[in-house]
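Take a look at the structure set out below.
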Number of protein chains: 6
Amino acid sequence: MDHSILTHSVDQLADINTLSRLFDKDTRVFRMPSEHVLKEVIDITRDIIFPYHYGETPVYADTLKYYIGVRVDRLSRLLREQIAISLEYDEDYCSQCQQRADEITSQFIASLPSLRAILTTDVVAAYNGDPAAKSNGEIIACYPTVKVLTNYRVAHQLLLLGVPLIPRILTEMAHSETGIDIHPGATIGESFTIDHGTGVVIGETCVIGKNVKLYQGVTLGAKSFPLDENGNPIKGIPRHPILEDDVVVYSNATILGRITIGRGAVVGGNIWVTEDVPPGCSVVQGKSSRK
Amino acid sequence: MDHSILTHSVDQLADINTLSRLFDKDTRVFRMPSEHVLKEVIDITRDIIFPYHYGETPVYADTLKYYIGVRVDRLSRLLREQIAISLEYDEDYCSQCQQRADEITSQFIASLPSLRAILTTDVVAAYNGDPAAKSNGEIIACYPTVKVLTNYRVAHQLLLLGVPLIPRILTEMAHSETGIDIHPGATIGESFTIDHGTGVVIGETCVIGKNVKLYQGVTLGAKSFPLDENGNPIKGIPRHPILEDDVVVYSNATILGRITIGRGAVVGGNIWVTEDVPPGCSVVQGKSSRK
Amino acid sequence: MDHSILTHSVDQLADINTLSRLFDKDTRVFRMPSEHVLKEVIDITRDIIFPYHYGETPVYADTLKYYIGVRVDRLSRLLREQIAISLEYDEDYCSQCQQRADEITSQFIASLPSLRAILTTDVVAAYNGDPAAKSNGEIIACYPTVKVLTNYRVAHQLLLLGVPLIPRILTEMAHSETGIDIHPGATIGESFTIDHGTGVVIGETCVIGKNVKLYQGVTLGAKSFPLDENGNPIKGIPRHPILEDDVVVYSNATILGRITIGRGAVVGGNIWVTEDVPPGCSVVQGKSSRK
Amino acid sequence: MDHSILTHSVDQLADINTLSRLFDKDTRVFRMPSEHVLKEVIDITRDIIFPYHYGETPVYADTLKYYIGVRVDRLSRLLREQIAISLEYDEDYCSQCQQRADEITSQFIASLPSLRAILTTDVVAAYNGDPAAKSNGEIIACYPTVKVLTNYRVAHQLLLLGVPLIPRILTEMAHSETGIDIHPGATIGESFTIDHGTGVVIGETCVIGKNVKLYQGVTLGAKSFPLDENGNPIKGIPRHPILEDDVVVYSNATILGRITIGRGAVVGGNIWVTEDVPPGCSVVQGKSSRK
Amino acid sequence: MDHSILTHSVDQLADINTLSRLFDKDTRVFRMPSEHVLKEVIDITRDIIFPYHYGETPVYADTLKYYIGVRVDRLSRLLREQIAISLEYDEDYCSQCQQRADEITSQFIASLPSLRAILTTDVVAAYNGDPAAKSNGEIIACYPTVKVLTNYRVAHQLLLLGVPLIPRILTEMAHSETGIDIHPGATIGESFTIDHGTGVVIGETCVIGKNVKLYQGVTLGAKSFPLDENGNPIKGIPRHPILEDDVVVYSNATILGRITIGRGAVVGGNIWVTEDVPPGCSVVQGKSSRK
Amino acid sequence: MDHSILTHSVDQLADINTLSRLFDKDTRVFRMPSEHVLKEVIDITRDIIFPYHYGETPVYADTLKYYIGVRVDRLSRLLREQIAISLEYDEDYCSQCQQRADEITSQFIASLPSLRAILTTDVVAAYNGDPAAKSNGEIIACYPTVKVLTNYRVAHQLLLLGVPLIPRILTEMAHSETGIDIHPGATIGESFTIDHGTGVVIGETCVIGKNVKLYQGVTLGAKSFPLDENGNPIKGIPRHPILEDDVVVYSNATILGRITIGRGAVVGGNIWVTEDVPPGCSVVQGKSSRK
């Protein structure tokens with residue numbers, strides 16, 4: 001191969017000016033959280049929450065504490081470093097990022113028992129709702145709903161603790177794994193379950209109650225979003241639906257805007273909902289024609 | 001970091017009582033099949049079925065037997081161990097799990113040639129049905145339909161042989177890889193193909209004939225499922241559609257319940273079907289409005 | 001385990017006749033491009049295009065050239081070998097495959113700066129279009145639209161340079177990662193973005209202008225394809241939609257056939273479009289009924 | 001390459017008769033302990049004995065138990081499997097190998113605290129005896145004497161517990177790492193140290209007291225060994241030296257046969273000793289000539 | 001860190017002139033055989049020669065051929081590439097290196113059965129000569145003499161076939177592993193064994209008969225070597241000892257120059273021999289003095 | 001296995017008191033330099049010094065700077081972290097360890113060109129001195145003298161810059177690899193070479209001139225070392241030999257104490273020297289007796 005082509009291309013690609021449109025806040029991006037490390041963060045967290053279901057090594061009651069201990073210790077190291085990197089990225093070399101990363105990590109570690117508690121309700125809900133499910137073990141081992149909710153609940157907790165960047169990376173990792181796209185900013189109650197799940201989208205400002213069930217392809221999205229004086233979308237405004245307790249939404253339904261689906265309502269498959277649904281109501285689509 | 005927070009969190013997480021809701025059948029779960037090993041099982045099986053298409057090493061006719069031999073030998077070891085684990089999980093320390101795992105593995109190994117034969121019909125069907133396809137090699141190398149069908153046909157065979165847990169894990173692995181969710185319990189004839197595929201769901205009790213073709217987003221689901229006296233779904237009842245030979249279902253169609261789509265019928269895209277479609281008929285959706 | 005079952009199965013599987021239906025063009029397939037190596041090709045290319053966002057090592061302006069240089073050098077070696085393999089597969093042992101692989105690789109390396117330029121417009125479009133996006137860094141780090149477009153733009157460039165097989169493998173890798181299926185043959189202008197994305201299908205002969213935005217589940221497909229005298233689909237005929245500049249297509253819309261969606265048109269969610277839409281028009285679906 | 005040469009060579013090499021001289025006890029060797037696994041056994045054991053010195057992760061007093069626990073648990077699994085393999089190899093498919101492997105492993109695990117205690121005396125002896133040593137940490141981190149003695153003391157303990165094959169493999173691993181060849185059958189007291197060490201040989205029936213120090217190149221060997229009626233060496237007869245407490249042997253000295261080097265004796269460098277040395281005596285070599 | 005120091009150092013180190021004294025034959029060295037690949041070559045060869053003793057997977061008579069076949073096939077690929085690299089290095093871009101590498105590899109593969117045959121005699125000799133040896137399996141699994149002789153006999157065969165560079169790399173790999181330094185040019189008969197071995201040196205032009213045994217620290221070296229008119233040593237002249245059949249040399253003996261140690265002679269430990277020793281004779285050292 | 005034995009053993013091993021004799025300076029050891037990382041440090045340094053001889057990837061003059069740049073950048077990161085750890089270990093949590101590690105690393109990086117220069121003289125000396133050497137490439141690729149001298153010269157440089165612990169670890173790594181034990185404190189001039197090398201020991205306070213050559217088994221050691229009032233050896237006193245320029249020492253010679261071997265002197269094999277040897281003299285051993 002002609003090396004002059006290679007070196008010429010390298011010269012162009014190493015010209016920092018060709019990267020300037022990608023820099024945030026007038027600073028040069030030097031370091032981002034590592035997807036590789038965050039993958040390990042999720043793997044370890046799953047092994048902490050469900051210690052008998054993912055780990056390769058058989059663990060017994062007598063040795064459980066050793067394994068939980070080593071995993072939590074490693075999790076705390078990995079997470080602290082990644083949180084510090086994300087804080088520095090977000091704030092341009094803040095002076096106290098290391099200390100804040102330390103505090104946030106401690107708070108996250110302290111919240112692990114409650115994460116296990118709420119994820120346990122999600123597992124039980126999935127088991128009860130699926131006639132094809134044979135055991136809790138099967139649900140935990142392979143159901144996408146458990147995997148995506150573990151990532152989401154971890155990401156949501158980190159978001160509440162003030163961590164930038166990482167929550168979104170974690171939910172996008174689950175999106176890639178399951179086809180289910182839950183924004184870490186959404187609020188989701190206990191005993192939540194998604195059946196099959198591919199194509200589900202749950203937007204940033206959604207509020208979902210307890211015992212809610214979604215099927216594949218459901219969108220909980222924004223209908224439109226207001227623009228500021230420059231024509232750019234205003235960020236952070238509530239714009240996604242509220243689903244109260246015990247709602248069921250069937251496959252490929254699309255629910256858009258800051259509307260409320262009342263307690264116990266049922267939304268049928270393949271339909272488009274942009275207005276409130278009162279508690280206990282069902283909305284369904286019309287018939288298809290046959291020829 | 002303050003170690004007392006870490007050790008306190010570990011103490012709570014190592015409390016076996018916080019895990020009790022997750023145990024099946026009043027016993028403690030100590031070991032589950034390994035997703036990591038089952039990933040290798042699938043990789044090896046693909047290399048056995050299509051020995052020229054996935055393996056990194058070029059294989060010639062003279063040396064084909066060496067490679068097939070080593071792969072089948074390794075497959076049999078890995079599979080036997082995983083089957084034994086899944087039998088023990090399912091039956092709480094059965095006395096004859098090792099021997100049954102051995103017998104099942106032998107039967108599975110003996111079925112590999114017929115798995116290649118039926119998967120070959122699927123490859124040919126995908127090639128014939130896609131104007132963008134350039135060669136059989138391209139189909140095998142990257143089409144999601146071949147990948148998901150390999151996992152499904154292996155999983156279905158294991159299910160027929162009485163293996164718990166593993167079949168579902170295998171099809172969920174393909175679900176994550178392709179966005180296509182086929183329950184291992186479904187029955188699917190030869191020359192089956194799925195185009196694009198993301199979002200397809202094929203339920204546990206589906207029966208699909210020969211030469212059937214689905215497009216992306218198609219759901220073959222249950223309309224509802226009967227509950228037992230305790231309000232829990234009754235497991236195992238036929239509740240998904242029957243598709244006879246030569247049926248085509250276009251993208252995002254939803255077919256629900258134990259209905260029959262007759263031989264050669266065509267189901268149009270984006271529609272919702274809950275009643276039988278006679279052989280040779282087409283069902284399509286209404287027009288959209290323009291403003 | 002009874003070894004005779006194993007060796008009998010191996011004998012059948014090593015019988016070259018059982019593979020003959022899978023061979024292309026009356027020749028035996030001996031070598032295919034390696035998905036494993038192509039995965040590294042994509043990883044390196046992402047690190048070249050966005051050198052500050054995926055690499056594990058912090059890179060500074062002073063050392064940028066070293067890293068770009070090593071990455072481009074490795075990319076050129078890996079790609080040249082894979083291109084040669086794909087040319088040989090496609091043409092049955094052509095005599096000049098090595099030299100052509102060398103030339104194509106040089107041309108691809110020379111195009112890397114322009115690939116960065118157009119992908120930068122895609123990043124900016126994604127940031128401007130999503131109220132939930134916090135920074136360009138976040139977009140690059142985890143948005144599926146950037147990942148799938150990087151694979152697509154690389155694959156499209158290789159297709160234009162005459163490389164068989166590999167372009168399709170690259171876009172299927174992104175399909176698996178993101179749920180978005182873009183055929184490498186499609187033509188797509190700058191500042192293109194896909195929100196959420198799962199289930200999107202963009203067919204081989206699509207032509208998409210500048211500043212186009214799609215939401216999840218959108219299909220740009222073929223309505224039907226003409227058959228040749230043998231009943232097989234005729235390959236390569238224009239059969240997918242044209243989307244002019246500034247078009248927006250909402251979630252789960254299906255646009256089929258060689259129709260044109262005019263400049264600035266808006267296609268509503270969940271609808272089925274098979275006829276031209278004039279510039280500036282909106283098409284939306286009817287209301288759902290509530291009971 | 002001509003495949004017929006390859007397949008012909010394979011045919012010859014796969015002829016079981018060409019391996020028959022290598023089989024032990026008229027049976028075919030089917031499985032041996034794995035050097036790969038035993039390497040991990042040694043790495044873990046070193047991390048258990050000296051938990052602050054080899055492990056990559058910083059361990060604190062609060063988390064020490066977690067790390068020790070996981071390491072001991074993994075060590076017990078690996079060792080049990082390897083011991084079972086070695087018993088089966090030695091005894092031709094004994095019926096109780098699994099149970100005996102289990103008992104031996106328990107006994108070995110119970111002996112780990114005493115192994116740490118005696119190895120601590122060896123570390124202190126090395127520190128006190130070397131003017132170039134800066135700290136205990138340096139001794140543990142890199143002195144060959146600590147590495148070879150850890151392997152030897154583990155191997156000797158396993159030998160006492162009745163494990164075949166593995167003890168010798170462990171000491172040969174240290175031989176390769178350090179150039180020091182200690183037979184696991186030798187008996188060695190506390191506070192033993194070897195300086196530099198390359199070329200040291202300590203034979204199977206050596207008995208070494210406390211506070212003994214050797215330098216590089218020292219051989220404690222057999223002078224000759226009696227043959228049985230078939231002219232083969234009789235195995236297991238005491239034939240190597242006894243070194244009493246506080247003996248020092250300088251570099252490249254050779255001490256041969258079942259002789260006794262008395263308490264506190266000093267053996268000079270480069271000499272050949274085949275007779276007893278009384279307590280407190282020194283033996284040295286003659287002068288070299290200069291020309 | 002100050003990047004200017006780093007970039008300045010890089011500039012100096014990337015100055016090709018600072019490397020010019022290291023180039024051979026007025027050409028720039030661009031590629032050398034890979035120690036990493038050659039390590040795998042040795043591992044595979046050991047697994048081919050002794051298929052039951054090093055491999056992690058249990059192999060049975062029925063499946064032996066599969067494993068031997070895959071190993072020989074892989075060995076032939078790796079070796080051919082490395083041989084081509086070494087020929088090109090040695091001859092500055094020879095035109096027929098690829099073809100010669102192919103021929104040499106075929107010849108080497110054809111010699112593997114005879115390599116197993118002679119190495120079997122070495123194993124048996126080691127077992128018969130060591131009262132501490134318990135089985136052939138133990139000898140093969142861990143005795144340094146088997147490891148170094150496998151590397152030497154492979155290297156010697158490659159040297160005879162005209163391969164540059166690689167033979168010496170292979171024997172230096174064994175030198176590092178065992179402390180035994182055998183030049184690949186030496187000629188060594190069957191049933192050869194080295195006990196303990198650390199420090200043994202066997203020079204390039206040694207000729208060793210059958211049933212010879214050496215102990216640790218033995219040097220078979222050159223006494224001096226004649227210089228050419230420029231004061232450089234003349235390469236390739238016979239300058240190392242000849243040991244006839246049945247010779248034994250005890251530990252740390254040094255035998256120098258082109259002398260002959262006659263059939264059945266015994267050379268005692270720690271002595272210096274520079275003149276012929278007649279057949280059947282013993283040479284021993286004088287006594288040490290005691291004070 | 002009975003878990004009570006395991007947990008009891010863990011309890012004892014996690015008792016911090018059983019580790020107290022191993023702590024240095026009354027503090028608890030929490031972190032040591034990583035042998036694993038230092039192995040990579042050495043591998044990278046070898047690839048920087050000899051960029052054409054060890055790297056797997058072919059490097060050309062045009063791309064040399066990219067590879068050197070990335071290697072030096074990575075080396076500086078790894079080394080800085082390890083130096084900081086070693087300073088903290090040595091000084092008990094010093095406040096400025098990070099800054100000092102940074103400065104030392106810069107100085108080391110700046111010295112790399114001179115390290116290449118002096119190691120080049122060592123390569124040339126090895127080539128000129130060995131009639132069996134075929135090329136400089138062969139010398140660099142596999143001669144132990146080059147490997148051990150690279151480690152030694154790096155270690156010595158770090159020692160001069162005030163780095164604790166790491167220099168000794170680096171030379172012990174080479175000791176394990178080559179059997180040659182050079183203390184990093186020794187001073188060694190250019191064009192130094194060691195033939196074969198196994199068993200060579202070069203003590204901490206040795207001073208070696210230019211063009212010196214040693215053979216295997218040579219010891220340059222201390223004769224005795226003075227004790228302080230507590231009976232412990234006084235550290236750091238000059239106690240090893242001085243070898244002036246052009247000295248040759250033959251195999252297994254032992255030179256002890258702070259004596260001087262004068263310029264151009266030759267020390268014969270297997271002898272014991274404890275007094276000065278005047279310049280130009282030869283010392284040889286007496287004859288062996290034959291019987």
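Each chain in the structure tokens gets a letter, A, B, ..., in the order shown, and its residues are numbered from 1; ligands are numbered from 1 in order too.
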
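The list of residues with at least one atom within 7 Å of region 187-200 of chain C, based on only C-alpha atoms and without residues fewer than 4 positions apart in the same chain, reads Gly179, Asp181 and Gly199 of chain A; Thr198 and Gly199 of chain B; Ile118, Thr121, Asp122, Ala125, Ala126, Thr145, Thr178, Gly179, Ile180, Asp181, Cys206, Val207, Ile208, Gly209, Lys210, Asn211, Val212, Lys213, Leu214, Tyr215, Gln216, Gly217, Val218 and Thr219 of chain C.
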
Strand (DSSP E) residues, from DSSP on the backbone, in region 75-284 of chain D, as a VMD selection string: chain D and resid 181 to 182 187 to 188 193 to 195 201 to 202 207 to 208 213 to 215 219 to 221 242 to 243 248 to 249 254 to 256 260 to 261 266 to 267 272 to 273 282 to 284

Residue among A:Asp47, A:Asp130, A:Asp102, A:Glu204 lying closest to chain C, counting only C-alpha atoms: A:Glu204

Test item: residues at most 7 Å from region 258-273 of chain F, only C-alpha atoms, excluding those fewer than 5 positions along its chain, as a compact mmCIF listing (two decimals) with C-alpha atoms, in the first residue's frame:
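Result file around_30.txt:
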# COMPACT_ATOMS: atom_id res chain seq x y z
CA SER D 288 43.28 -21.52 42.55
CA PRO F 238 30.72 -1.79 48.86
CA ARG F 239 31.31 -5.51 49.04
CA HIS F 240 31.32 -6.83 45.47
CA PRO F 241 34.11 -6.96 42.84
CA ILE F 242 35.29 -4.28 40.41
CA LEU F 243 35.90 -5.55 36.86
CA GLU F 244 37.86 -3.13 34.71
CA ASP F 245 37.49 -2.81 30.94
CA ASP F 246 38.00 -5.80 28.66
CA VAL F 247 37.83 -8.44 31.38
CA VAL F 248 36.66 -11.95 30.46
CA VAL F 249 35.36 -14.38 33.08
CA TYR F 250 34.79 -18.02 32.05
CA SER F 251 31.98 -20.28 33.14
CA ASN F 252 31.21 -20.98 36.79
CA ALA F 253 34.02 -18.82 38.11
CA PRO F 278 46.38 -7.47 38.08
CA PRO F 279 45.63 -6.06 34.63
CA GLY F 280 46.37 -8.45 31.79
CA CYS F 281 46.73 -11.54 33.99
CA SER F 282 45.00 -14.88 33.65
CA VAL F 283 43.89 -17.08 36.55
CA VAL F 284 43.08 -20.72 35.82
CA GLN F 285 42.25 -23.82 37.82

Proximal residues of chain A relative to chain D (only C-alpha atoms; 12 Å) as an MDAnalysis selection string: chainID A and resid 56:60 62:74 77:78

Residues from last step as file, N, CA, C and O atoms, as a compact mmCIF listing (two decimals), in the first residue's frame:
# COMPACT_ATOMS: atom_id res chain seq x y z
N GLU A 56 -21.12 -17.58 37.57
CA GLU A 56 -20.68 -18.88 37.07
C GLU A 56 -20.41 -19.84 38.23
O GLU A 56 -20.60 -21.04 38.11
N THR A 57 -19.94 -19.30 39.36
CA THR A 57 -19.56 -20.13 40.49
C THR A 57 -20.77 -20.40 41.37
O THR A 57 -21.49 -19.47 41.71
N PRO A 58 -21.01 -21.66 41.77
CA PRO A 58 -22.08 -21.91 42.73
C PRO A 58 -21.75 -21.26 44.08
O PRO A 58 -20.63 -21.37 44.57
N VAL A 59 -22.71 -20.54 44.61
CA VAL A 59 -22.52 -19.86 45.89
C VAL A 59 -23.50 -20.47 46.88
O VAL A 59 -24.65 -20.74 46.55
N TYR A 60 -23.04 -20.71 48.10
CA TYR A 60 -23.90 -21.27 49.14
C TYR A 60 -24.13 -20.23 50.23
O TYR A 60 -23.44 -19.20 50.27
N ASP A 62 -23.28 -20.19 53.21
CA ASP A 62 -22.10 -19.94 54.05
C ASP A 62 -21.10 -19.01 53.38
O ASP A 62 -20.32 -18.35 54.05
N THR A 63 -21.05 -19.05 52.08
CA THR A 63 -20.01 -18.29 51.39
C THR A 63 -20.59 -17.07 50.68
O THR A 63 -19.86 -16.33 50.03
N LEU A 64 -21.90 -16.87 50.81
CA LEU A 64 -22.55 -15.76 50.11
C LEU A 64 -21.90 -14.41 50.44
O LEU A 64 -21.65 -13.59 49.55
N LYS A 65 -21.61 -14.22 51.72
CA LYS A 65 -21.07 -12.92 52.14
C LYS A 65 -19.72 -12.63 51.48
O LYS A 65 -19.41 -11.49 51.16
N TYR A 66 -18.88 -13.66 51.32
CA TYR A 66 -17.59 -13.43 50.66
C TYR A 66 -17.81 -12.88 49.26
O TYR A 66 -17.16 -11.91 48.84
N TYR A 67 -18.70 -13.53 48.52
CA TYR A 67 -18.90 -13.13 47.13
C TYR A 67 -19.55 -11.76 47.03
O TYR A 67 -19.14 -10.93 46.22
N ILE A 68 -20.60 -11.54 47.84
CA ILE A 68 -21.22 -10.21 47.84
C ILE A 68 -20.18 -9.15 48.22
O ILE A 68 -20.10 -8.09 47.59
N GLY A 69 -19.36 -9.44 49.18
CA GLY A 69 -18.37 -8.47 49.65
C GLY A 69 -17.38 -8.08 48.57
O GLY A 69 -17.12 -6.89 48.33
N VAL A 70 -16.82 -9.08 47.90
CA VAL A 70 -15.84 -8.78 46.86
C VAL A 70 -16.50 -8.02 45.70
O VAL A 70 -15.93 -7.07 45.15
N ARG A 71 -17.73 -8.41 45.36
CA ARG A 71 -18.41 -7.74 44.26
C ARG A 71 -18.73 -6.29 44.61
O ARG A 71 -18.55 -5.39 43.79
N VAL A 72 -19.23 -6.05 45.80
CA VAL A 72 -19.56 -4.68 46.19
C VAL A 72 -18.29 -3.83 46.25
O VAL A 72 -18.28 -2.67 45.83
N ASP A 73 -17.22 -4.41 46.74
CA ASP A 73 -15.96 -3.66 46.82
C ASP A 73 -15.48 -3.28 45.42
O ASP A 73 -15.11 -2.13 45.17
N ARG A 74 -15.52 -4.24 44.52
CA ARG A 74 -15.08 -3.92 43.15
C ARG A 74 -16.02 -2.92 42.49
O ARG A 74 -15.58 -1.98 41.83
N ARG A 77 -15.23 0.60 43.51
CA ARG A 77 -14.03 1.18 42.88
C ARG A 77 -14.30 1.61 41.44
O ARG A 77 -13.92 2.70 41.01
N LEU A 78 -14.92 0.71 40.69
CA LEU A 78 -15.16 1.01 39.28
C LEU A 78 -16.09 2.21 39.14
O LEU A 78 -15.87 3.10 38.33

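In terms of minimum interatomic distance to Ile49 (chain C), A:Leu13 ranks closest within A:Ile5, A:Ala117, A:Leu13, A:Ile85, counting only C-alpha atoms.
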
Atom pair CA of Phe108 (chain C) / CA of Tyr52 (chain B): separation (Å):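 According to the coordinates, CA of Phe108 (chain C) and CA of Tyr52 (chain B) are separated by 28.0 Å.
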
Who sits within 8 Å of Ile182 (chain E), only C-alpha atoms, same chain under 2 positions skipped, as a ChimeraX atom specification: /E:148,152,171,175,180,184,186,200-204

Residues flagged alpha helix (DSSP H) by DSSP in region 104-174 of chain B, as a VMD selection string: chain B and resid 104 to 129 136 to 142 144 to 160 166 to 174

Given only C-alpha atoms as the counted atoms, nearest of F:Arg31, F:Arg116, F:Lys39, F:Arg168 to Gln12 (chain E):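 Among the listed residues, the smallest separation from Gln12 (chain E) belongs to F:Arg116.
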
Within 12 Å of Ile166 (chain B) using only C-alpha atoms, minus same-chain residues under 6 positions, as an MDAnalysis selection string: (chainID A and resid 134 137:138 141:142) or (chainID B and resid 32:35 37:39 41:42 79:87 89:90 151:152 154:160 172:173 183:184)

CA of Val163 (chain C) to CA of Ser176 (chain C), distance in Å rounded to a single decimal: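 Going from CA of Val163 (chain C) over to CA of Ser176 (chain C) covers 21.5 Å.
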
Nearby residues (only C-alpha atoms) at most 12 Å from Pro113 (chain F), same-chain spacing under 6 positions excluded, as a VMD selection string: (chain E and resid 6 8 to 19) or (chain F and resid 45 48 to 50 68 72 107 119 to 120 154)
